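> upload_18.txt is reproduced in full below (compact mmCIF, C-alpha atoms and all ligand atoms).
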# COMPACT_ATOMS: atom_id res chain seq x y z
CA MET A 238 -29.85 -24.54 33.90
CA LYS A 239 -29.45 -24.25 30.16
CA LYS A 240 -28.98 -20.52 30.55
CA ILE A 241 -26.23 -20.97 33.14
CA LEU A 242 -24.51 -23.50 30.92
CA SER A 243 -24.57 -21.21 27.89
CA ALA A 244 -23.35 -18.32 30.07
CA ILE A 245 -20.43 -20.44 31.24
CA LEU A 246 -19.69 -21.50 27.68
CA ALA A 247 -19.77 -17.89 26.55
CA VAL A 248 -17.29 -16.92 29.27
CA ILE A 249 -14.99 -19.81 28.31
CA ALA A 250 -15.22 -18.81 24.65
CA ALA A 251 -14.44 -15.20 25.49
CA ILE A 252 -11.43 -16.15 27.62
CA SER A 253 -9.99 -18.59 25.09
CA CYS A 254 -10.48 -16.03 22.35
CA CYS A 255 -8.47 -13.46 24.32
CA PHE A 256 -5.81 -16.02 25.03
CA SER A 257 -5.40 -16.92 21.40
CA ILE A 258 -5.07 -13.24 20.50
CA ALA A 259 -2.71 -12.56 23.39
CA SER A 260 -0.56 -15.54 22.48
CA CYS A 261 -0.32 -14.37 18.87
CA THR A 262 3.06 -12.64 19.09
CA ALA A 263 5.92 -12.53 16.59
CA ASP A 264 7.60 -15.40 18.45
CA SER A 265 4.66 -17.76 18.66
CA GLU A 266 4.90 -20.62 16.24
CA ASN A 267 1.45 -20.87 14.80
CA CYS A 268 0.83 -17.23 14.39
CA LEU A 269 1.72 -14.96 11.48
CA ILE A 270 1.64 -11.28 12.25
CA MET A 271 1.21 -9.01 9.28
CA VAL A 272 1.75 -5.27 9.37
CA THR A 273 0.00 -2.95 6.96
CA ASP A 274 -1.35 0.58 6.62
CA ALA A 275 -5.07 0.15 6.13
CA ASP A 276 -6.02 3.25 4.18
CA PHE A 277 -5.15 2.11 0.70
CA PRO A 278 -8.23 0.75 -1.09
CA PRO A 279 -8.60 -1.76 -2.71
CA PHE A 280 -5.43 -3.31 -1.20
CA GLU A 281 -6.17 -2.65 2.48
CA TYR A 282 -8.88 -0.50 4.01
CA LEU A 283 -11.49 -0.50 6.76
CA ASP A 284 -14.99 -1.76 5.94
CA ASP A 285 -18.14 -0.30 7.52
CA ASN A 286 -17.52 -2.39 10.64
CA GLU A 287 -13.93 -1.13 10.94
CA ASN A 288 -12.51 -4.50 9.90
CA ILE A 289 -9.36 -4.44 7.81
CA VAL A 290 -10.27 -5.90 4.41
CA GLY A 291 -8.95 -5.89 0.84
CA PHE A 292 -6.88 -7.61 -1.82
CA ASP A 293 -3.73 -7.90 0.33
CA ILE A 294 -5.74 -9.20 3.29
CA GLU A 295 -7.28 -12.01 1.26
CA VAL A 296 -3.92 -12.98 -0.25
CA ALA A 297 -2.36 -12.96 3.24
CA GLU A 298 -5.21 -15.10 4.59
CA ALA A 299 -4.77 -17.56 1.74
CA ILE A 300 -1.01 -17.74 2.45
CA ALA A 301 -1.62 -18.29 6.19
CA GLU A 302 -4.11 -21.01 5.36
CA LYS A 303 -1.58 -22.77 3.12
CA LEU A 304 0.98 -22.59 5.94
CA GLY A 305 -1.55 -23.81 8.51
CA MET A 306 -1.04 -20.66 10.57
CA THR A 307 -3.31 -18.06 12.15
CA LEU A 308 -3.10 -14.58 10.67
CA LYS A 309 -3.16 -11.46 12.80
CA ILE A 310 -3.09 -8.00 11.19
CA GLU A 311 -1.96 -4.68 12.59
CA SER A 312 -2.21 -1.31 10.88
CA ILE A 313 0.46 1.35 11.50
CA ALA A 314 1.75 4.48 9.77
CA PHE A 315 3.07 3.56 6.32
CA GLU A 316 6.48 5.16 6.79
CA LYS A 317 7.18 2.91 9.84
CA ILE A 318 6.50 -0.44 8.13
CA PHE A 319 10.04 -1.14 6.89
CA ASP A 320 11.67 -0.12 10.20
CA GLU A 321 9.33 -2.37 12.17
CA ILE A 322 10.03 -5.34 9.90
CA GLU A 323 13.74 -4.67 10.33
CA ASN A 324 13.25 -4.56 14.13
CA GLY A 325 11.46 -7.91 14.00
CA LYS A 326 8.26 -6.57 15.53
CA TYR A 327 6.08 -8.19 12.83
CA ASP A 328 6.53 -11.30 10.67
CA PHE A 329 5.77 -9.70 7.35
CA GLY A 330 4.64 -6.47 5.75
CA MET A 331 2.00 -6.27 3.05
CA ALA A 332 0.65 -2.90 1.99
CA GLY A 333 0.76 -2.60 -1.78
CA LEU A 334 4.50 -2.38 -1.18
CA THR A 335 6.60 -1.49 -4.18
CA VAL A 336 9.87 -3.36 -4.56
CA ASN A 337 12.87 -1.04 -4.90
CA GLU A 338 16.62 -1.13 -4.33
CA GLU A 339 16.61 1.29 -1.41
CA ARG A 340 14.11 -0.85 0.51
CA LYS A 341 16.08 -4.00 -0.31
CA SER A 342 18.88 -2.67 1.88
CA GLN A 343 16.47 -2.84 4.82
CA VAL A 344 14.18 -5.84 4.17
CA MET A 345 13.78 -8.87 1.89
CA PHE A 346 10.99 -9.02 -0.68
CA SER A 347 8.98 -12.04 -1.82
CA ASP A 348 8.20 -12.75 -5.46
CA THR A 349 5.84 -10.10 -6.79
CA TYR A 350 2.10 -10.79 -6.65
CA ALA A 351 0.74 -7.73 -8.49
CA THR A 352 1.81 -4.74 -10.52
CA GLY A 353 0.92 -1.09 -10.13
CA ILE A 354 1.29 2.27 -11.80
CA GLN A 355 1.91 5.61 -10.13
CA SER A 356 -0.83 7.94 -11.35
CA ILE A 357 -1.38 11.67 -11.25
CA ILE A 358 -4.75 12.93 -9.95
CA VAL A 359 -5.84 16.51 -10.66
CA LYS A 360 -9.06 18.51 -10.46
CA GLU A 361 -11.38 17.83 -13.38
CA ASP A 362 -10.98 21.42 -14.65
CA SER A 363 -7.23 21.54 -14.02
CA GLU A 364 -4.95 23.38 -16.43
CA TYR A 365 -2.50 20.49 -15.93
CA THR A 366 -3.54 17.83 -18.43
CA LYS A 367 -0.28 15.91 -18.94
CA LEU A 368 2.99 15.32 -17.09
CA ASN A 369 4.92 17.90 -19.16
CA ASP A 370 2.55 20.66 -17.99
CA PHE A 371 4.13 20.52 -14.51
CA PHE A 372 7.53 21.61 -15.83
CA ALA A 373 8.72 24.99 -17.07
CA GLY A 374 11.76 24.20 -19.20
CA PHE A 375 13.21 21.18 -21.01
CA ASP A 376 16.72 20.30 -22.24
CA GLU A 377 17.52 19.11 -25.81
CA SER A 378 16.75 15.49 -24.94
CA GLY A 379 13.33 16.49 -23.64
CA ASN A 380 14.06 16.10 -19.93
CA PRO A 381 12.72 18.75 -17.56
CA ILE A 382 15.10 21.36 -16.18
CA THR A 383 12.78 23.01 -13.70
CA ALA A 384 9.32 22.49 -12.22
CA LYS A 385 6.66 25.20 -12.66
CA ILE A 386 6.46 27.68 -9.83
CA ASN A 387 3.39 27.56 -7.62
CA ILE A 388 2.70 23.85 -7.97
CA THR A 389 2.13 21.69 -4.89
CA ILE A 390 2.13 17.93 -5.30
CA GLY A 391 0.52 15.83 -2.55
CA VAL A 392 1.84 12.37 -1.64
CA GLN A 393 1.62 9.86 1.20
CA LYS A 394 4.79 10.24 3.26
CA GLY A 395 7.36 7.49 2.74
CA THR A 396 5.77 6.02 -0.39
CA THR A 397 7.47 5.62 -3.74
CA GLY A 398 5.14 8.39 -4.96
CA ASP A 399 6.85 10.59 -2.37
CA THR A 400 10.33 9.51 -3.52
CA TYR A 401 9.61 10.13 -7.22
CA ALA A 402 7.80 13.41 -6.67
CA SER A 403 10.51 14.75 -4.32
CA ALA A 404 13.31 14.05 -6.82
CA ASP A 405 14.87 16.73 -9.00
CA PRO A 406 13.30 17.66 -12.36
CA VAL A 407 16.12 15.89 -14.29
CA GLU A 408 14.59 12.69 -12.90
CA TRP A 409 11.05 13.91 -13.58
CA GLY A 410 10.57 14.85 -9.93
CA PHE A 411 8.84 18.08 -8.91
CA GLU A 412 11.52 19.19 -6.38
CA GLU A 413 11.25 18.56 -2.65
CA LYS A 414 10.01 22.10 -1.95
CA ASN A 415 6.92 21.56 -4.11
CA VAL A 416 5.89 18.31 -2.43
CA LYS A 417 3.47 18.19 0.49
CA LYS A 418 3.63 14.95 2.46
CA TYR A 419 0.48 13.62 4.12
CA ALA A 420 0.07 10.80 6.66
CA THR A 421 -2.33 9.00 4.30
CA GLY A 422 -3.03 9.07 0.58
CA GLU A 423 -6.65 9.94 1.26
CA GLU A 424 -5.66 13.11 3.15
CA ALA A 425 -3.70 14.20 0.09
CA VAL A 426 -6.70 13.52 -2.15
CA GLN A 427 -8.97 15.43 0.23
CA ALA A 428 -6.64 18.44 0.08
CA LEU A 429 -6.78 18.25 -3.71
CA ALA A 430 -10.58 18.02 -3.72
CA GLU A 431 -10.64 21.13 -1.51
CA GLY A 432 -8.41 22.95 -4.01
CA LYS A 433 -5.47 23.27 -1.61
CA ILE A 434 -2.91 21.53 -3.84
CA THR A 435 -2.29 21.02 -7.57
CA ALA A 436 -2.08 17.24 -7.92
CA VAL A 437 -1.63 13.94 -6.06
CA ILE A 438 0.79 11.16 -7.01
CA ILE A 439 -0.50 7.79 -5.85
CA ASP A 440 -0.80 4.18 -7.04
CA SER A 441 -3.41 3.71 -9.78
CA GLU A 442 -5.88 1.43 -7.97
CA PRO A 443 -6.19 3.63 -4.85
CA ALA A 444 -6.32 6.59 -7.26
CA LYS A 445 -9.40 5.08 -8.93
CA SER A 446 -11.04 4.38 -5.54
CA PHE A 447 -10.47 7.93 -4.32
CA VAL A 448 -11.57 9.56 -7.58
CA ASP A 449 -14.82 7.57 -7.27
CA LYS A 450 -15.25 8.75 -3.69
CA TYR A 451 -14.44 12.47 -4.09
CA SER A 452 -16.20 14.35 -6.85
CA GLY A 453 -14.53 16.74 -9.29
CA LEU A 454 -11.28 14.79 -9.71
CA LYS A 455 -9.70 12.89 -12.61
CA ILE A 456 -6.65 10.75 -13.30
CA LEU A 457 -4.27 11.96 -16.01
CA LYS A 458 -3.65 9.53 -18.85
CA THR A 459 0.16 9.82 -18.55
CA PRO A 460 1.33 7.10 -16.14
CA TYR A 461 4.05 8.40 -13.83
CA ALA A 462 5.89 5.12 -13.07
CA ASN A 463 5.44 1.33 -13.33
CA GLU A 464 5.98 -0.82 -10.25
CA SER A 465 5.71 -4.34 -8.79
CA TYR A 466 4.21 -5.21 -5.42
CA ALA A 467 5.63 -7.79 -3.00
CA ILE A 468 5.54 -8.90 0.62
CA CYS A 469 8.49 -7.95 2.83
CA VAL A 470 10.10 -9.89 5.69
CA ASN A 471 13.04 -9.41 8.04
CA LYS A 472 16.42 -10.08 6.40
CA ASP A 473 17.10 -12.95 8.81
CA ASN A 474 13.86 -14.73 8.00
CA THR A 475 14.77 -16.66 4.85
CA GLU A 476 12.68 -19.57 6.09
CA LEU A 477 9.46 -17.55 6.15
CA LEU A 478 10.33 -15.94 2.81
CA GLY A 479 10.67 -19.39 1.24
CA LYS A 480 7.33 -20.48 2.66
CA ILE A 481 5.61 -17.30 1.45
CA ASN A 482 7.06 -17.71 -2.05
CA ASN A 483 5.91 -21.35 -2.20
CA ALA A 484 2.44 -20.37 -1.04
CA LEU A 485 2.30 -17.55 -3.61
CA GLU A 486 3.32 -19.96 -6.35
CA GLU A 487 0.58 -22.39 -5.34
CA LEU A 488 -2.00 -19.59 -5.18
CA GLU A 489 -0.99 -18.58 -8.67
CA LYS A 490 -1.24 -22.14 -9.97
CA ASP A 491 -4.57 -22.96 -8.38
CA GLY A 492 -6.14 -19.73 -9.62
CA LYS A 493 -6.81 -18.28 -6.17
CA LEU A 494 -4.62 -15.23 -6.75
CA GLU A 495 -6.47 -14.40 -9.94
CA GLU A 496 -9.81 -14.91 -8.20
CA ILE A 497 -8.85 -12.38 -5.48
CA GLN A 498 -7.50 -10.01 -8.09
CA ASN A 499 -10.74 -10.13 -10.06
CA LYS A 500 -12.71 -9.44 -6.90
CA TYR A 501 -10.83 -6.25 -6.01
CA ILE A 502 -9.29 -4.94 -9.19
CA ALA A 503 -11.49 -3.99 -12.10
CA LYS A 504 -10.01 -4.84 -15.48
N1 LIG B 601 3.24 1.35 -3.63
C1 LIG B 601 3.62 2.47 -2.85
C2 LIG B 601 4.85 2.19 -2.03
O1 LIG B 601 5.20 1.06 -1.82
C3 LIG B 601 2.53 2.95 -1.94
C4 LIG B 601 2.04 1.96 -0.96
C5 LIG B 601 1.12 2.58 0.08
N2 LIG B 601 0.48 1.56 0.85
C6 LIG B 601 -0.39 1.80 1.85
N3 LIG B 601 -0.95 0.77 2.40
N4 LIG B 601 -0.63 3.00 2.24
O2 LIG B 601 5.50 3.08 -1.58
Would you mind writing the structure in this file as structure tokens?


Amino acid sequence: MKKILSAILAVIAAISCCFSIASCTADSENCLIMVTDADFPPFEYLDDNENIVGFDIEVAEAIAEKLGMTLKIESIAFEKIFDEIENGKYDFGMAGLTVNEERKSQVMFSDTYATGIQSIIVKEDSEYTKLNDFFAGFDESGNPITAKINITIGVQKGTTGDTYASADPVEWGFEEKNVKKYATGEEAVQALAEGKITAVIIDSEPAKSFVDKYSGLKILKTPYANESYAICVNKDNTELLGKINNALEELEKDGKLEEIQNKYIAK
């Protein structure tokens, strides 16, 4: 009898679980749907059980908790995140997202919750030891005129690393033709580890994670760019943006943000 009862309970639990997931859509009131691209440690990545975990996930969970809402997370290709937020498919995007003017024409950003640096990863024995080494000629003010021939810079497609690297040398870019765009940052790092490309431009914290994971790589001391990270929402959703900003402010005041930061980001 007990067995039958627990079997029935298990079935009920399974059904209600599916219902709560199924009812978690962008329109449902108590549900917050976050979109990310979960291959960016320590911000968002898959753990050994294929669960999406990381700094952003814990901040998002803390925000949802403050708002009394249930968080659901979906991972998609990075370059689609802003379009999908614009389309209203998800409530908010959080993926170590750098705030910039171009993106502001498509989405709204929250207050920033972390800062980042774009770093350059090369092979340990690389002849490229500083940013200037990637350029062949400089003007009187010290700005590059042309990139070296035969360099290939790997980036994750659609990231700010991609934008900077693909710019012209006057803006310290390496020229579009020298940039190879990968679906994920890790694929770019893998190609570098295999000696297929010259360098990778990626945010500093993922850079550290990947350099730990793949042997024979190092991060150059010259930072490539400084950035701020924020959450993005649809331009019509000022209400949610306000709630997110309030929650972020509270998390900052009560020390929770710092606690999460200390857990994922080494000082
Ligand atoms: N900070 C960079 C940007 O906003 C890279 C972010 C990549 N994030 C990710 N989850 N893959 O473009």

> Return the single residue from A:Leu488, A:Cys469, A:Glu464, A:Pro381 that is closest to ligand LIG 601 (chain B), with distances computed using all atoms listed in the file.

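Smallest distance to ligand LIG 601 (chain B) is found for A:Glu464.
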
> Within 7 Å of Ala467 in chain A, counting all atoms listed in the file, which residues qualify if same-chain residues fewer than 5 places away don't, as a ChimeraX atom specification?

/A:334-336,346-350

> Distance table requested - chain A against ligand LIG 601 (chain B), cut-off 8 Å, all atoms listed in the file: one row per qualifying residue with the closest atom pair and its distance in Å to one decimal, ordered by chain and rising residue number, as CSV.


residue,atom,partner,partner_atom,distance
A:Thr273,CA,B:LIG601,N3,6.0
A:Asp274,CA,B:LIG601,N3,4.2
A:Ala275,CA,B:LIG601,N3,5.6
A:Asp276,CA,B:LIG601,N4,5.7
A:Phe277,CA,B:LIG601,N3,4.7
A:Phe280,CA,B:LIG601,N3,7.0
A:Glu281,CA,B:LIG601,N3,6.2
A:Phe315,CA,B:LIG601,N4,5.5
A:Met331,CA,B:LIG601,N3,7.7
A:Ala332,CA,B:LIG601,N3,4.0
A:Gly333,CA,B:LIG601,C4,4.8
A:Leu334,CA,B:LIG601,O1,3.6
A:Thr335,CA,B:LIG601,O1,3.7
A:Val336,CA,B:LIG601,O1,7.0
A:Gly353,CA,B:LIG601,N1,7.3
A:Gln355,CA,B:LIG601,N1,7.9
A:Gln393,CA,B:LIG601,N4,7.3
A:Gly395,CA,B:LIG601,O2,6.4
A:Thr396,CA,B:LIG601,O2,3.2
A:Thr397,CA,B:LIG601,O2,3.9
A:Gly398,CA,B:LIG601,O2,6.3
A:Asp399,CA,B:LIG601,O2,7.7
A:Thr421,CA,B:LIG601,N4,6.6
A:Gly422,CA,B:LIG601,N4,6.7
A:Ile439,CA,B:LIG601,C3,6.9
A:Asp440,CA,B:LIG601,N1,6.0
A:Glu464,CA,B:LIG601,N1,7.5
A:Tyr466,CA,B:LIG601,N1,6.9

> From the list A:Val344, A:Leu494, A:Ile434, A:Val359, which residue is nearest Asn387 in chain A when using only C-alpha atoms?

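Nearest to Asn387 in chain A: A:Ile434.
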
> Take the point (-3.4, -18.7, -3.6) in the file's coordinates, draw a sphere of radius 12 Å around it, and report as a PyMOL selection string every protein, DNA or RNA residue with an atom inside or on it, counting only C-alpha atoms.

chain A and resi 292-304+350+481-498

> Give me the residues near Asn415 in chain A as a list in words, where near means some atom within 8 Å (using all atoms listed in the file) and where sequence neighbours in that chain fewer than 4 positions away do not count.

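Contacts, with the query itself left out: Asn387, Ile388, Thr389, Ile390, Ser403 and Phe411 of chain A.
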
> Can you measure CA of Lys326 in chain A to CA of Ile270 in chain A for me? One decimal in Å is fine.

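Atom-to-atom, CA of Lys326 in chain A to CA of Ile270 in chain A, that is 8.8 Å.
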
> Provide the CA of Ala428 in chain A to CA of Asn380 in chain A distance in Å, to one decimal place.

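A separation of 28.9 Å between them.
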
> For range 396-407 of chain A, take all atoms listed in the file, fit an axis-aligned box around them, add 3 Å to each of the six sides, then output centre and edge lengths in Å rounded to one decimal, as lines of an AutoDock Vina configuration file.


center_x = 10.6
center_y = 11.6
center_z = -7.3
size_x = 17.0
size_y = 18.0
size_z = 19.9

> Closest to Ile468 in chain A among A:Gly330, A:Pro443, A:Gly453, A:Pro278, using all atoms listed in the file?

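Using all atoms listed in the file, Ile468 in chain A sits closest to A:Gly330.
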